[in-house]
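Report on the following structure.
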Amino acid sequence: MKAVVVRPHVPGSLRLTELPDPVPGPREVLVRTLEVGICGTDADITAGQYGWAPPDREELVLGHESLGVVERVGIAVSSCAPGDLVVATVRRPDGCPNCRHGESDMCSWGRYRERGIKELDGFLAEHYVEVPEYLVVVPPALRPTAVLLEPLTIAVKAVFQAFKIQERLHWEPRRALVLGIGPVGLLGALLLRARGLEVTAYDRQDPAEPGPRLAQETGASYRHAEDADLVTTAPGPYDLILEATGFSPLDFQAVETLAPNGVLALLGVTGGDRRLQIPSDRLNQDLVLGNRVVFGSVNANRRYFERGVADLERFAALWPGLTERLITRRLSPAEFVAGESRREDHIKAVVEVSR
Ligand code: BGC
């Protein structure tokens with residue numbers, strides 16, 4: 001079968017290759033890949049800044065945002081059947097207490113593996129094999145948007161965790177800020193609008209670009225990050241902030257726009273080595289005197305994929321046809337390998353593996 005592989009930490013090593021067809025065991029499912037979404041993590045892996053090949057190999061099959069169709073199931077599988085649309089979760093557990101309780105997204109030993117990212121092949125291949133525990137069946141009506149489920153789960157988890165944390169007090173959040181409206185930020189904005197929050201989106205994109213326009217169609221307001229800093233452009237105060245730019249200096253400015261009792265969720269994975277001088281006394285004072293919370297959130301376990309399916313259905317009912325417009329570029333595997341997804345004029349690029 002055809003597969004897109006990369007040699008982690010070797011820039012420019014992305015290539016299309018042939019691999020043996022995978023064969024499912026009695027407890028496994030054979031999935032034909034339909035689409036794979038490309039995100040910043042894939043760009044980092046391709047640029048040689050992130051990612052790990054399986055222990056005995058030099059190359060990794062890329063791709064962790066997937067949509068596929070079940071082709072064959074092992075004799076012992078009953079939770080899905082040929083023809084079902086499925087999205088696979090990304091992370092696989094180590095033996096830590098959280099992983100053992102189905103919460104590998106909260107892994108405490110750090111020896112987890114991730115398909116297409118860390119030590120396990122991803123989904124950018126014609127077929128893959130998986131056990132049903134890591135496959136979430138999606139209704140046929142979500143065929144146009146289900147490839148966005150994985151990036152959506154990143155926002156679903158962060159918002160769920162924020163509300164969980166805020167059970168520490170009586171909390172009626174009204175105003176939210178989303179920093180960065182790439183796919184995760186935009187999906188986060190949709191999620192918060194669907195919950196009835198007043199949402200401000202902040203990004204460097206020109207207001208006429210598709211992302212800002214989409215955000216505004218859901219009733220969010222848009223602030224263009226030009227020369228002024230965040231505190232001047234979008235002063236808030238905000239009850240809930242999702243940081244999804246991957247530009248770490250913004251984290252500290254964001255604290256200054258938090259309302260008393262507010263909560264800031266950091267979602268950007270930042271592989272660099274940026275340094276910064278910060279007004280530490282003032283930030284500390286704001287956090288302490290305002291009971292403010294800052295937390296990091298990564299990955300998503302199955303529970304968030306199941307919630308995400310319901311959220312995609314909700315988005316379709318609230319804004320018919322809007323979610324699919326996040327997919328602004330469709331590529332063949334060969335076009336992806338040739339670097340076509342790196343053009344800046346899109347929201348989400350998706351590689352079409354089969355139909
Ligand atoms: C993926 C997550 C993963 C994280 C860190 C993100 O792009 O969506 O599933 O946990 O990268 O590797």
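How things are named: the first chain in the structure tokens is A, the next is B, and so on; residues count from 1 in each chain; ligands count from 1 in the order shown.
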
Worksheet item: Could you list, as a list of chain:residue names, all the residues within 6 Å of ligand 1, counting only C-alpha atoms and all ligand atoms?
Response: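 My answer, listing the contacting residues, is A:Thr41, A:Val90, A:Pro151, A:Val298, A:Asn299.
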
Practice prompt. Give me the residues within 7 Å of Val6 (chain A) as number ranges by chain, counting only C-alpha atoms and dropping any in the same chain fewer than 6 places off.
Written response: A: 13-15, 46, 59-62

Worksheet entry | Surrounding residues of Tyr238 (chain A) excluding itself and chain neighbours under 4 positions, 7 Å, only C-alpha atoms, as a list in words |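 Those residues are Arg175, Ala176, Leu177, Thr257, Leu258, Ala259 and Gly262 of chain A.
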
Practice prompt. Write out as a ChimeraX atom specification each polymer residue whose atoms come within 12 Å of Glu133 (chain A), counting only C-alpha atoms; drop sequence neighbours fewer than 2 positions from it.
Written response: /A:27-29,77-80,86-93,102,130-131,135-137,301-303,305

Those selected residues, please, written with C-alpha atoms and delivered as a PDB file, in the first residue's frame.
ATOM      1  CA  ARG A  27      -9.429  -8.486  17.854  1.00  0.00           C
ATOM      2  CA  GLU A  28      -8.539  -5.844  15.281  1.00  0.00           C
ATOM      3  CA  VAL A  29     -10.174  -3.738  12.612  1.00  0.00           C
ATOM      4  CA  VAL A  77     -14.918  -7.508  17.133  1.00  0.00           C
ATOM      5  CA  SER A  78     -18.534  -6.473  17.687  1.00  0.00           C
ATOM      6  CA  SER A  79     -18.454  -2.688  18.284  1.00  0.00           C
ATOM      7  CA  CYS A  80     -18.095  -1.727  14.630  1.00  0.00           C
ATOM      8  CA  VAL A  86     -14.457   5.834  12.056  1.00  0.00           C
ATOM      9  CA  VAL A  87     -12.026   8.336  13.536  1.00  0.00           C
ATOM     10  CA  ALA A  88      -9.101   6.955  15.532  1.00  0.00           C
ATOM     11  CA  THR A  89      -7.868   8.488  18.751  1.00  0.00           C
ATOM     12  CA  VAL A  90      -4.164   9.405  18.759  1.00  0.00           C
ATOM     13  CA  ARG A  91      -2.530   8.484  22.061  1.00  0.00           C
ATOM     14  CA  ARG A  92      -1.801   4.984  23.345  1.00  0.00           C
ATOM     15  CA  PRO A  93      -1.248   4.381  27.061  1.00  0.00           C
ATOM     16  CA  GLY A 102      -8.562   5.423  30.189  1.00  0.00           C
ATOM     17  CA  GLU A 130      -6.431  -0.686  15.080  1.00  0.00           C
ATOM     18  CA  VAL A 131      -8.250  -2.211  18.036  1.00  0.00           C
ATOM     19  CA  LEU A 135     -11.949   3.818  17.050  1.00  0.00           C
ATOM     20  CA  VAL A 136     -14.908   6.159  17.377  1.00  0.00           C
ATOM     21  CA  VAL A 137     -17.802   5.478  15.003  1.00  0.00           C
ATOM     22  CA  ASN A 301      -9.036  10.615  25.282  1.00  0.00           C
ATOM     23  CA  ARG A 302     -12.008   8.749  23.842  1.00  0.00           C
ATOM     24  CA  ARG A 303     -14.533  10.609  26.041  1.00  0.00           C
ATOM     25  CA  PHE A 305     -14.026  12.249  20.807  1.00  0.00           C
TER      26      PHE A 305
END

Could you name the residues that touch Glu172 (chain A) at 10 Å or less, counting only C-alpha atoms, but leaving out those on the same chain fewer than 4 positions away, as a PDB file with N, CA and C atoms, in the first residue's frame?
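Contents of the output file around-v1.pdb:
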ATOM      1  N   PHE A 163     -14.156  24.043  32.745  1.00  0.00           N
ATOM      2  CA  PHE A 163     -15.388  24.022  33.551  1.00  0.00           C
ATOM      3  C   PHE A 163     -15.213  23.144  34.785  1.00  0.00           C
ATOM      4  N   GLN A 166     -13.278  25.009  37.311  1.00  0.00           N
ATOM      5  CA  GLN A 166     -14.060  26.114  37.868  1.00  0.00           C
ATOM      6  C   GLN A 166     -15.190  25.651  38.782  1.00  0.00           C
ATOM      7  N   LEU A 197     -21.475  31.613  24.794  1.00  0.00           N
ATOM      8  CA  LEU A 197     -20.571  32.647  25.315  1.00  0.00           C
ATOM      9  C   LEU A 197     -20.347  33.733  24.267  1.00  0.00           C
ATOM     10  N   ASP A 239     -13.501  35.806  31.010  1.00  0.00           N
ATOM     11  CA  ASP A 239     -13.684  34.741  32.012  1.00  0.00           C
ATOM     12  C   ASP A 239     -12.930  33.468  31.611  1.00  0.00           C
TER      13      ASP A 239
END

Item to complete: Determine, counting only C-alpha atoms, which protein, DNA and RNA residues have an atom within 7 Å of an atom of Tyr304 (chain A); residues of the same chain fewer than 2 positions away are not included. Present the result as an MDAnalysis selection string.
Response: chainID A and resid 153 156:157 300:302 306:308

May I have a table of the residues of region 108-143 of chain A lying at most 12 Å from region 330-335 of chain A, giving each one's closest pair of atoms and their distance in Å to one decimal, counting only C-alpha atoms, ordered by chain and ascending residue number, as a tab-separated table?
residue	atom	partner	partner_atom	distance
A:Phe123	CA	A:Pro333	CA	11.9
A:Leu124	CA	A:Pro333	CA	8.2
A:Ala125	CA	A:Pro333	CA	8.9
A:Glu126	CA	A:Pro333	CA	10.1

Discussion item. I need the alpha helix (DSSP H) residues of region 88-337 of chain A per DSSP on the backbone, written as an MDAnalysis selection string.
Written reply: chainID A and resid 97:100 149:165 183:194 210:217 230:233 249:255 280:289 302:318 333:337

Discussion item. Ranking A:Val129, A:Pro279, A:Asn261, A:Ala3 by minimum distance to Leu169 (chain A) and counting only C-alpha atoms, which one comes first?
Written reply: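 For Leu169 (chain A), the nearest of the candidates is A:Asn261.
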